[in-house]
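K.L.:
Hey, dropping start-v7.cif in here, mmCIF, C-alpha atoms:
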data_coords
loop_
_atom_site.group_PDB
_atom_site.id
_atom_site.type_symbol
_atom_site.label_atom_id
_atom_site.label_comp_id
_atom_site.auth_asym_id
_atom_site.auth_seq_id
_atom_site.Cartn_x
_atom_site.Cartn_y
_atom_site.Cartn_z
ATOM 1 C CA MET A 1 22.847 12.041 -12.045
ATOM 2 C CA THR A 2 22.230 8.399 -11.384
ATOM 3 C CA ALA A 3 19.060 6.436 -11.629
ATOM 4 C CA THR A 4 18.200 2.928 -10.685
ATOM 5 C CA LEU A 5 16.706 1.105 -13.620
ATOM 6 C CA LYS A 6 14.204 -1.615 -12.839
ATOM 7 C CA PRO A 7 13.353 -3.703 -15.878
ATOM 8 C CA VAL A 8 9.748 -4.738 -16.421
ATOM 9 C CA VAL A 9 9.534 -8.512 -16.675
ATOM 10 C CA ILE A 10 7.106 -9.710 -19.334
ATOM 11 C CA PRO A 11 5.373 -12.735 -17.820
ATOM 12 C CA THR A 12 4.062 -15.525 -20.024
ATOM 13 C CA GLN A 13 3.087 -18.171 -17.457
ATOM 14 C CA ALA A 14 -0.156 -18.416 -15.500
ATOM 15 C CA GLU A 15 0.037 -18.019 -11.735
ATOM 16 C CA SER A 16 -1.627 -20.441 -9.368
ATOM 17 C CA GLY A 17 -3.684 -18.106 -7.141
ATOM 18 C CA TYR A 18 -6.322 -15.429 -7.558
ATOM 19 C CA ARG A 19 -4.072 -12.482 -6.674
ATOM 20 C CA PRO A 20 -1.358 -11.671 -9.198
ATOM 21 C CA SER A 21 2.262 -11.441 -8.069
ATOM 22 C CA ALA A 22 3.978 -8.064 -7.686
ATOM 23 C CA ALA A 23 5.904 -8.640 -10.946
ATOM 24 C CA LEU A 24 2.670 -9.369 -12.837
ATOM 25 C CA VAL A 25 0.921 -6.313 -11.358
ATOM 26 C CA ASP A 26 3.947 -4.180 -12.272
ATOM 27 C CA PHE A 27 3.799 -5.432 -15.874
ATOM 28 C CA LEU A 28 0.022 -4.843 -16.114
ATOM 29 C CA ARG A 29 0.227 -1.297 -14.777
ATOM 30 C CA TRP A 30 3.032 -0.418 -17.212
ATOM 31 C CA ARG A 31 1.255 -2.086 -20.143
ATOM 32 C CA ASP A 32 -2.120 -0.455 -19.469
ATOM 33 C CA LEU A 33 -1.115 2.905 -17.887
ATOM 34 C CA THR A 34 -4.806 3.854 -17.531
ATOM 35 C CA CYS A 35 -8.170 2.201 -16.943
ATOM 36 C CA ARG A 36 -8.950 0.115 -20.028
ATOM 37 C CA TRP A 37 -12.585 1.247 -20.296
ATOM 38 C CA PRO A 38 -13.077 3.317 -23.480
ATOM 39 C CA GLY A 39 -12.467 6.988 -22.760
ATOM 40 C CA CYS A 40 -11.439 6.544 -19.094
ATOM 41 C CA GLU A 41 -8.140 8.135 -18.146
ATOM 42 C CA LYS A 42 -7.835 7.117 -14.487
ATOM 43 C CA PRO A 43 -4.289 5.867 -13.820
ATOM 44 C CA ALA A 44 -3.684 2.130 -13.706
ATOM 45 C CA GLY A 45 -1.770 2.617 -10.445
ATOM 46 C CA LYS A 46 -5.058 3.454 -8.720
ATOM 47 C CA SER A 47 -7.140 0.881 -10.576
ATOM 48 C CA ASP A 48 -8.262 -2.658 -9.798
ATOM 49 C CA ILE A 49 -6.715 -5.626 -11.580
ATOM 50 C CA ASP A 50 -9.605 -7.504 -13.214
ATOM 51 C CA HIS A 51 -9.833 -11.032 -14.595
ATOM 52 C CA THR A 52 -11.517 -10.942 -18.010
ATOM 53 C CA VAL A 53 -12.724 -14.534 -17.611
ATOM 54 C CA PRO A 54 -13.472 -14.826 -13.881
ATOM 55 C CA PHE A 55 -11.151 -16.893 -11.705
ATOM 56 C CA PRO A 56 -10.895 -19.934 -11.341
ATOM 57 C CA VAL A 57 -12.164 -20.650 -14.887
ATOM 58 C CA GLY A 58 -9.904 -17.897 -16.207
ATOM 59 C CA PRO A 59 -6.303 -18.071 -14.973
ATOM 60 C CA THR A 60 -4.261 -15.326 -13.365
ATOM 61 C CA HIS A 61 -2.332 -14.606 -16.558
ATOM 62 C CA PRO A 62 -1.419 -11.355 -18.378
ATOM 63 C CA SER A 63 -3.659 -12.363 -21.305
ATOM 64 C CA ASN A 64 -6.616 -12.513 -18.886
ATOM 65 C CA LEU A 65 -5.886 -9.468 -16.679
ATOM 66 C CA LYS A 66 -6.323 -5.738 -17.167
ATOM 67 C CA ALA A 67 -6.687 -2.523 -15.171
ATOM 68 C CA TYR A 68 -10.189 -1.145 -14.584
ATOM 69 C CA CYS A 69 -10.931 1.784 -12.292
ATOM 70 C CA ARG A 70 -13.291 0.898 -9.453
ATOM 71 C CA THR A 71 -16.364 2.337 -11.207
ATOM 72 C CA HIS A 72 -15.803 0.454 -14.454
ATOM 73 C CA HIS A 73 -14.818 -2.704 -12.588
ATOM 74 C CA LEU A 74 -18.194 -2.632 -10.826
ATOM 75 C CA VAL A 75 -20.031 -1.951 -14.101
ATOM 76 C CA LYS A 76 -18.229 -4.836 -15.828
ATOM 77 C CA THR A 77 -18.847 -7.172 -12.882
ATOM 78 C CA PHE A 78 -22.495 -6.426 -12.168
ATOM 79 C CA CYS A 79 -23.973 -5.134 -15.455
ATOM 80 C CA VAL A 80 -23.355 -8.254 -17.526
ATOM 81 C CA GLY A 81 -25.370 -10.894 -19.293
ATOM 82 C CA ARG A 82 -27.628 -10.856 -22.326
ATOM 83 C CA VAL A 83 -28.501 -7.169 -21.944
ATOM 84 C CA GLY A 84 -25.310 -5.976 -20.220
ATOM 85 C CA TRP A 85 -21.656 -5.384 -21.009
ATOM 86 C CA THR A 86 -19.341 -8.093 -22.334
ATOM 87 C CA ASP A 87 -15.586 -8.023 -22.653
ATOM 88 C CA ARG A 88 -12.972 -10.143 -24.337
ATOM 89 C CA GLN A 89 -9.210 -9.831 -24.161
ATOM 90 C CA LEU A 90 -6.703 -10.617 -26.898
ATOM 91 C CA PRO A 91 -3.197 -11.988 -26.129
ATOM 92 C CA ASP A 92 -1.599 -8.594 -26.862
ATOM 93 C CA GLY A 93 -3.765 -6.928 -24.194
ATOM 94 C CA THR A 94 -6.353 -5.399 -26.551
ATOM 95 C CA ILE A 95 -9.810 -5.281 -24.950
ATOM 96 C CA VAL A 96 -12.948 -5.768 -27.050
ATOM 97 C CA LEU A 97 -15.893 -4.400 -25.089
ATOM 98 C CA GLY A 98 -19.500 -4.979 -26.116
ATOM 99 C CA ALA A 99 -22.076 -2.424 -24.955
ATOM 100 C CA PRO A 100 -25.726 -3.229 -24.146
ATOM 101 C CA THR A 101 -26.668 -1.180 -27.233
ATOM 102 C CA GLY A 102 -24.727 -3.531 -29.503
ATOM 103 C CA HIS A 103 -21.804 -1.156 -30.083
ATOM 104 C CA VAL A 104 -18.327 -2.694 -29.908
ATOM 105 C CA TYR A 105 -15.319 -0.770 -28.558
ATOM 106 C CA ARG A 106 -11.660 -1.760 -28.865
ATOM 107 C CA THR A 107 -9.064 -0.342 -26.517
ATOM 108 C CA GLU A 108 -5.350 -0.899 -26.874
ATOM 109 C CA ALA A 109 -2.988 -0.557 -23.962
ATOM 110 C CA HIS A 110 -1.432 2.933 -23.772
ATOM 111 C CA GLY A 111 1.849 1.574 -22.444
ATOM 112 C CA ALA A 112 2.085 -0.829 -25.371
ATOM 113 C CA ALA A 113 1.601 2.095 -27.751
ATOM 114 C CA MET A 114 4.534 3.908 -26.126
ATOM 115 C CA PHE A 115 6.726 0.834 -25.567
ATOM 116 C CA PRO A 116 5.907 -1.721 -28.290
ATOM 117 C CA VAL A 117 7.605 -4.592 -26.443
ATOM 118 C CA LEU A 118 4.815 -4.400 -23.833
ATOM 119 C CA GLY A 119 2.237 -5.015 -26.567
ATOM 120 C CA HIS A 120 3.651 -8.338 -27.738
ATOM 121 C CA SER A 121 1.475 -11.394 -27.225
ATOM 122 C CA THR A 122 1.768 -12.944 -23.783
ATOM 123 C CA GLY A 123 0.281 -16.191 -25.040
ATOM 124 C CA ALA A 124 -3.157 -17.263 -26.129
ATOM 125 C CA LEU A 125 -5.311 -18.838 -23.441
ATOM 126 C CA ASN A 126 -7.429 -21.870 -24.046
ATOM 127 C CA VAL A 127 -10.363 -20.956 -21.796
ATOM 128 C CA PRO A 128 -14.036 -21.251 -22.553
ATOM 129 C CA PRO A 129 -15.851 -17.939 -23.006
ATOM 130 C CA HIS A 130 -17.514 -16.793 -19.815
ATOM 131 C CA VAL A 131 -21.227 -17.394 -20.263
ATOM 132 C CA MET A 132 -23.617 -16.285 -17.555
ATOM 133 C CA SER A 133 -26.808 -18.117 -16.902
ATOM 134 C CA PRO A 134 -29.640 -16.049 -18.424
ATOM 135 C CA ASP A 135 -31.624 -16.184 -15.191
ATOM 136 C CA VAL A 136 -28.843 -14.590 -13.097
ATOM 137 C CA ASP A 137 -29.421 -10.916 -12.308
ATOM 138 C CA ARG A 138 -26.083 -9.713 -10.952
ATOM 139 C CA SER A 139 -27.338 -6.134 -10.584
ATOM 140 C CA VAL A 140 -29.269 -7.383 -7.544
ATOM 141 C CA MET A 141 -25.912 -8.310 -5.962
ATOM 142 C CA MET A 142 -24.420 -4.862 -6.559
ATOM 143 C CA PRO A 143 -22.947 -3.612 -3.271
ATOM 144 C CA ARG A 144 -24.778 -0.684 -1.705
ATOM 145 C CA ARG A 145 -23.156 1.835 0.603
ATOM 146 C CA LYS A 146 -24.605 2.292 4.049
ATOM 147 C CA GLN A 147 -23.043 5.740 4.338
ATOM 148 C CA THR A 148 -21.160 8.130 2.065
ATOM 149 C CA ARG A 149 -17.382 8.169 1.650
ATOM 150 C CA ASP A 150 -17.302 11.463 3.550
ATOM 151 C CA GLN A 151 -19.111 9.834 6.480
ATOM 152 C CA ASP A 152 -16.678 6.879 6.377
ATOM 153 C CA ARG A 153 -13.747 9.311 6.408
ATOM 154 C CA ARG A 154 -15.263 11.289 9.283
ATOM 155 C CA ASP A 155 -15.767 8.116 11.339
ATOM 156 C CA ARG A 156 -12.220 6.934 10.625
ATOM 157 C CA ILE A 157 -10.728 10.298 11.675
ATOM 158 C CA ASN A 158 -12.850 10.399 14.844
ATOM 159 C CA ALA A 159 -11.729 6.872 15.755
ATOM 160 C CA GLU A 160 -8.078 7.861 15.260
ATOM 161 C CA ARG A 161 -8.532 10.995 17.368
ATOM 162 C CA LEU A 162 -10.206 9.010 20.146
ATOM 163 C CA GLU A 163 -7.391 6.467 20.076
ATOM 164 C CA ARG A 164 -4.800 9.292 20.220
ATOM 165 C CA TRP A 165 -6.671 10.998 23.058
ATOM 166 C CA GLU A 166 -6.888 7.769 25.083
ATOM 167 C CA LEU A 167 -3.177 7.216 24.635
ATOM 168 C CA THR A 168 -2.501 10.803 25.712
ATOM 169 C CA ALA A 169 -4.733 10.456 28.795
ATOM 170 C CA LYS A 170 -2.906 7.255 29.779
ATOM 171 C CA GLU A 171 0.451 8.977 29.352
ATOM 172 C CA GLU A 172 -0.800 11.910 31.471
ATOM 173 C CA ARG A 173 -1.821 9.529 34.291
ATOM 174 C CA GLN A 174 1.595 7.890 34.146
ATOM 175 C CA ARG A 175 3.324 11.288 34.283
ATOM 176 C CA ARG A 176 1.292 12.378 37.316
ATOM 177 C CA ALA A 177 2.013 9.092 39.093
ATOM 178 C CA TRP A 178 5.726 9.499 38.418
ATOM 179 C CA LEU A 179 5.674 13.119 39.678
ATOM 180 C CA ALA A 180 3.822 12.104 42.848
ATOM 181 C CA ALA A 181 6.326 9.312 43.520
ATOM 182 C CA ASN A 182 9.437 11.433 42.880
ATOM 183 C CA TYR A 183 8.539 14.913 44.119
ATOM 184 C CA GLU A 184 7.072 16.339 47.291
ATOM 185 C CA PRO A 185 3.816 18.271 47.105
ATOM 186 C CA PRO A 186 4.071 22.071 46.707
ATOM 187 C CA PRO A 187 4.527 24.070 49.955
ATOM 188 C CA PHE A 188 1.294 26.036 49.670
#
Show me this structure written as structure tokens.
P.N.:
Amino acid sequence: MTATLKPVVIPTQAESGYRPSAALVDFLRWRDLTCRWPGCEKPAGKSDIDHTVPFPVGPTHPSNLKAYCRTHHLVKTFCVGRVGWTDRQLPDGTIVLGAPTGHVYRTEAHGAAMFPVLGHSTGALNVPPHVMSPDVDRSVMMPRRKQTRDQDRRDRINAERLERWELTAKEERQRRAWLAANYEPPPF
């Protein structure tokens, strides 16, 4: 038996853009393993990569990034402020989440618990804490679906079928034209 080993690179430098590089995403998914929201077990491979301090104030750096499933990413993004959720990230990847009720939750990265080298500090960031203006109501900006996911899926499948059918009809016309050009009509 042979296996190809691919080492996980532990990044310590900030990246220039909003989107993290493939190496940084790979590190984050291995460090976190699951959504970092307390009690959520959705895999990090199917989660969003979230900036703790929003970009561009907060850099694209492992000490400022974590995996949140889509639901918890939306909650963290839109239910914030004086009466919403707050989060803070430590250099080792530990998340300190403040609930609207005043409770404080700490979550450590599952991957770092299994592989301690992934839990080492990736460097402290010197960024100001993200403070929202008290008059901003981000829940008003929360995206609203126009149709359900099932309806989106149905529309996507119907569009693919129509595209396939149109291609098939075009091919059928080409076949008939070729037959007419190369063969004589039937004798009856």
K.L.:
Using all atoms listed in the file, which of the listed residues (A:Gly123, A:Gly45, A:Pro59, A:Pro38) sits closest to Glu108 (chain A)?
P.N.:
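So, comparing all the options, the nearest one is A:Pro38.
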K.L.:
What would the list of residues within 8 Å of (2.3, -15.3, -14.9) (file frame) look like as JSON, numbers by chain, if all atoms listed in the file are what count?
P.N.:
{"A": [11, 12, 13, 14, 15, 20, 21, 24, 60, 61, 62]}
K.L.:
Which residues are near Phe27 (chain A)? Cut-off 8 Å, only C-alpha atoms, ignore same chain within fewer than 2 positions. Put them as a short mmCIF file (atom, residue, chain, number, x, y, z; two decimals) with C-alpha atoms, in the frame of the given file.
P.N.:
data_model
loop_
_atom_site.label_atom_id
_atom_site.label_comp_id
_atom_site.auth_asym_id
_atom_site.auth_seq_id
_atom_site.Cartn_x
_atom_site.Cartn_y
_atom_site.Cartn_z
CA VAL A 8 9.75 -4.74 -16.42
CA VAL A 9 9.53 -8.51 -16.68
CA ILE A 10 7.11 -9.71 -19.33
CA PRO A 11 5.37 -12.74 -17.82
CA ALA A 23 5.90 -8.64 -10.95
CA LEU A 24 2.67 -9.37 -12.84
CA VAL A 25 0.92 -6.31 -11.36
CA ARG A 29 0.23 -1.30 -14.78
CA TRP A 30 3.03 -0.42 -17.21
CA ARG A 31 1.25 -2.09 -20.14
#
K.L.:
Quick one: residues within 9 Å of Thr86 (chain A), all atoms listed in the file counted, chain neighbours fewer than 3 positions away excluded, as a list of chain:residue names?
P.N.:
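The residues that qualify are A:Lys76, A:Cys79, A:Val80, A:Gly81, A:Arg82, A:Val96, A:Leu97, A:Gly98, A:Ala99, A:Pro100.
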K.L.:
Could you tell me which residues the PyMOL selection byres ((chain A and resi 111) around 9) grabs in this file, written as a PDB file with C-alpha atoms, keeping the file's coordinate frame?
P.N.:
ATOM      1  CA  ARG A  29       0.227  -1.297 -14.777  1.00  0.00           C
ATOM      2  CA  TRP A  30       3.032  -0.418 -17.212  1.00  0.00           C
ATOM      3  CA  ARG A  31       1.255  -2.086 -20.143  1.00  0.00           C
ATOM      4  CA  ASP A  32      -2.120  -0.455 -19.469  1.00  0.00           C
ATOM      5  CA  LEU A  33      -1.115   2.905 -17.887  1.00  0.00           C
ATOM      6  CA  THR A  34      -4.806   3.854 -17.531  1.00  0.00           C
ATOM      7  CA  GLU A 108      -5.350  -0.899 -26.874  1.00  0.00           C
ATOM      8  CA  ALA A 109      -2.988  -0.557 -23.962  1.00  0.00           C
ATOM      9  CA  HIS A 110      -1.432   2.933 -23.772  1.00  0.00           C
ATOM     10  CA  ALA A 112       2.085  -0.829 -25.371  1.00  0.00           C
ATOM     11  CA  ALA A 113       1.601   2.095 -27.751  1.00  0.00           C
ATOM     12  CA  MET A 114       4.534   3.908 -26.126  1.00  0.00           C
ATOM     13  CA  PHE A 115       6.726   0.834 -25.567  1.00  0.00           C
ATOM     14  CA  PRO A 116       5.907  -1.721 -28.290  1.00  0.00           C
ATOM     15  CA  LEU A 118       4.815  -4.400 -23.833  1.00  0.00           C
ATOM     16  CA  GLY A 119       2.237  -5.015 -26.567  1.00  0.00           C
TER      17      GLY A 119
END
K.L.:
Distance CA of Phe78 (chain A)-CA of Cys35 (chain A), one decimal place?
P.N.:
17.4 Å
K.L.:
Using all atoms listed in the file, which of the listed residues (A:Glu171, A:Asp92, A:Glu41, A:Glu163) sits closest to Leu65 (chain A)?
P.N.:
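So, comparing all the options, the nearest one is A:Asp92.
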K.L.:
Work out how far CA of Gly93 (chain A) is from CA of Val127 (chain A), in Å to one decimal.
P.N.:
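About the pair CA of Val127 (chain A) and CA of Gly93 (chain A): they are 15.7 Å apart.
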K.L.:
Nearest residue to Cys69 (chain A) out of A:Asp152, A:Glu160, A:Asp48, A:Asp26, using all atoms listed in the file?
P.N.:
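That would be A:Asp48, the residue with the smallest distance to Cys69 (chain A).
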K.L.:
Produce the centre coordinates and the three edge lengths, each in Å to one decimal, of the box along x, y and z that contains all listed atoms of region 58-72 of chain A with 3 Å added on each side, as lines of an AutoDock Vina configuration file.
P.N.:
center_x = -8.9
center_y = -7.9
center_z = -15.4
size_x = 20.9
size_y = 26.4
size_z = 17.9
K.L.:
Please measure the separation of CA of Thr4 (chain A) and CA of Val117 (chain A), giving the value in Å to one decimal.
P.N.:
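Here the two named atoms are 20.4 Å from each other.
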K.L.:
Which residues are close to His72 (chain A), i.e. within 9 Å by only C-alpha atoms, leaving aside same-chain residues fewer than 5 positions away? Reply as a PyMOL selection string.
P.N.:
chain A and resi 35-37+40+77
K.L.:
For each of A:Thr148, A:Pro187, A:Lys46, A:Val57, take the minimum atom-to-atom distance to Thr71 (chain A), counting only C-alpha atoms, then give the residue where this is smallest.
P.N.:
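Among the listed residues, A:Lys46 lies closest to Thr71 (chain A).
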K.L.:
What does region 84-97 of chain A look like written to a file with all heavy atoms, as a CSV table (one decimal), in the first residue's frame?
P.N.:
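The result, written out as decode_23.csv:
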chain,number,residue,atom,x,y,z
A,84,GLY,N,-26.8,41.8,19.8
A,84,GLY,CA,-26.6,40.6,18.9
A,84,GLY,C,-25.4,39.8,19.4
A,84,GLY,O,-24.9,39.9,20.5
A,85,TRP,N,-24.9,38.9,18.5
A,85,TRP,CA,-23.7,38.1,18.8
A,85,TRP,C,-22.4,38.8,18.5
A,85,TRP,O,-22.4,39.7,17.7
A,85,TRP,CB,-23.8,36.9,17.8
A,85,TRP,CG,-24.9,35.9,18.1
A,85,TRP,CD1,-26.2,36.0,17.6
A,85,TRP,CD2,-24.9,34.8,19.0
A,85,TRP,NE1,-26.9,35.0,18.1
A,85,TRP,CE2,-26.2,34.3,19.0
A,85,TRP,CE3,-23.9,34.3,19.8
A,85,TRP,CZ2,-26.5,33.1,19.7
A,85,TRP,CZ3,-24.2,33.1,20.6
A,85,TRP,CH2,-25.5,32.6,20.5
A,86,THR,N,-21.4,38.5,19.3
A,86,THR,CA,-20.1,39.0,19.1
A,86,THR,C,-19.1,37.9,19.1
A,86,THR,O,-19.3,36.9,19.7
A,86,THR,CB,-19.7,40.0,20.2
A,86,THR,OG1,-19.7,39.3,21.4
A,86,THR,CG2,-20.6,41.2,20.2
A,87,ASP,N,-18.0,38.0,18.3
A,87,ASP,CA,-17.0,37.0,18.4
A,87,ASP,C,-15.6,37.6,18.3
A,87,ASP,O,-15.4,38.7,17.8
A,87,ASP,CB,-17.2,35.9,17.3
A,87,ASP,CG,-17.0,36.4,15.9
A,87,ASP,OD1,-16.9,37.6,15.7
A,87,ASP,OD2,-16.8,35.5,15.0
A,88,ARG,N,-14.7,36.8,18.9
A,88,ARG,CA,-13.3,37.2,19.0
A,88,ARG,C,-12.5,36.0,18.8
A,88,ARG,O,-12.9,34.9,19.2
A,88,ARG,CB,-13.1,37.8,20.4
A,88,ARG,CG,-11.7,38.4,20.6
A,88,ARG,CD,-11.7,39.2,21.9
A,88,ARG,NE,-12.1,38.4,23.1
A,88,ARG,CZ,-11.3,37.8,23.9
A,88,ARG,NH1,-10.0,37.8,23.6
A,88,ARG,NH2,-11.7,37.1,24.9
A,89,GLN,N,-11.4,36.1,18.1
A,89,GLN,CA,-10.5,35.0,17.8
A,89,GLN,C,-9.1,35.2,18.4
A,89,GLN,O,-8.5,36.2,18.3
A,89,GLN,CB,-10.4,34.8,16.3
A,89,GLN,CG,-9.7,33.5,16.0
A,89,GLN,CD,-9.9,33.1,14.5
A,89,GLN,OE1,-10.7,33.7,13.8
A,89,GLN,NE2,-9.1,32.2,14.0
A,90,LEU,N,-8.7,34.1,19.1
A,90,LEU,CA,-7.3,34.2,19.7
A,90,LEU,C,-6.3,33.6,18.7
A,90,LEU,O,-6.7,32.9,17.7
A,90,LEU,CB,-7.3,33.3,21.0
A,90,LEU,CG,-8.3,33.7,22.0
A,90,LEU,CD1,-8.2,32.8,23.2
A,90,LEU,CD2,-8.2,35.2,22.4
A,91,PRO,N,-5.0,33.9,18.8
A,91,PRO,CA,-4.0,33.5,17.8
A,91,PRO,C,-3.9,32.0,17.6
A,91,PRO,O,-3.5,31.5,16.6
A,91,PRO,CB,-2.7,34.0,18.4
A,91,PRO,CG,-3.1,35.2,19.2
A,91,PRO,CD,-4.4,34.8,19.8
A,92,ASP,N,-4.4,31.2,18.6
A,92,ASP,CA,-4.3,29.7,18.5
A,92,ASP,C,-5.6,29.2,17.8
A,92,ASP,O,-5.7,28.0,17.6
A,92,ASP,CB,-4.1,29.0,19.8
A,92,ASP,CG,-5.3,29.2,20.8
A,92,ASP,OD1,-6.2,30.0,20.5
A,92,ASP,OD2,-5.3,28.5,21.8
A,93,GLY,N,-6.5,30.0,17.4
A,93,GLY,CA,-7.7,29.6,16.7
A,93,GLY,C,-8.9,29.5,17.6
A,93,GLY,O,-10.0,29.2,17.1
A,94,THR,N,-8.8,29.7,18.9
A,94,THR,CA,-9.9,29.6,19.8
A,94,THR,C,-10.8,30.7,19.6
A,94,THR,O,-10.4,31.9,19.4
A,94,THR,CB,-9.4,29.7,21.3
A,94,THR,OG1,-8.5,28.6,21.5
A,94,THR,CG2,-10.6,29.6,22.3
A,95,ILE,N,-12.1,30.4,19.5
A,95,ILE,CA,-13.2,31.4,19.3
A,95,ILE,C,-13.9,31.7,20.6
A,95,ILE,O,-14.3,30.8,21.3
A,95,ILE,CB,-14.2,30.9,18.2
A,95,ILE,CG1,-13.5,30.5,17.0
A,95,ILE,CG2,-15.3,32.0,18.0
A,95,ILE,CD1,-12.8,31.6,16.2
A,96,VAL,N,-14.1,33.0,20.9
A,96,VAL,CA,-14.8,33.4,22.1
A,96,VAL,C,-16.1,34.1,21.5
A,96,VAL,O,-16.0,35.2,20.9
A,96,VAL,CB,-14.0,34.4,23.0
A,96,VAL,CG1,-14.8,34.8,24.2
A,96,VAL,CG2,-12.7,33.7,23.4
A,97,LEU,N,-17.2,33.5,21.8
A,97,LEU,CA,-18.5,33.9,21.2
A,97,LEU,C,-19.4,34.5,22.3
A,97,LEU,O,-19.6,33.8,23.3
A,97,LEU,CB,-19.1,32.8,20.5
A,97,LEU,CG,-20.3,33.1,19.6
A,97,LEU,CD1,-19.8,33.8,18.3
A,97,LEU,CD2,-20.9,31.8,19.1
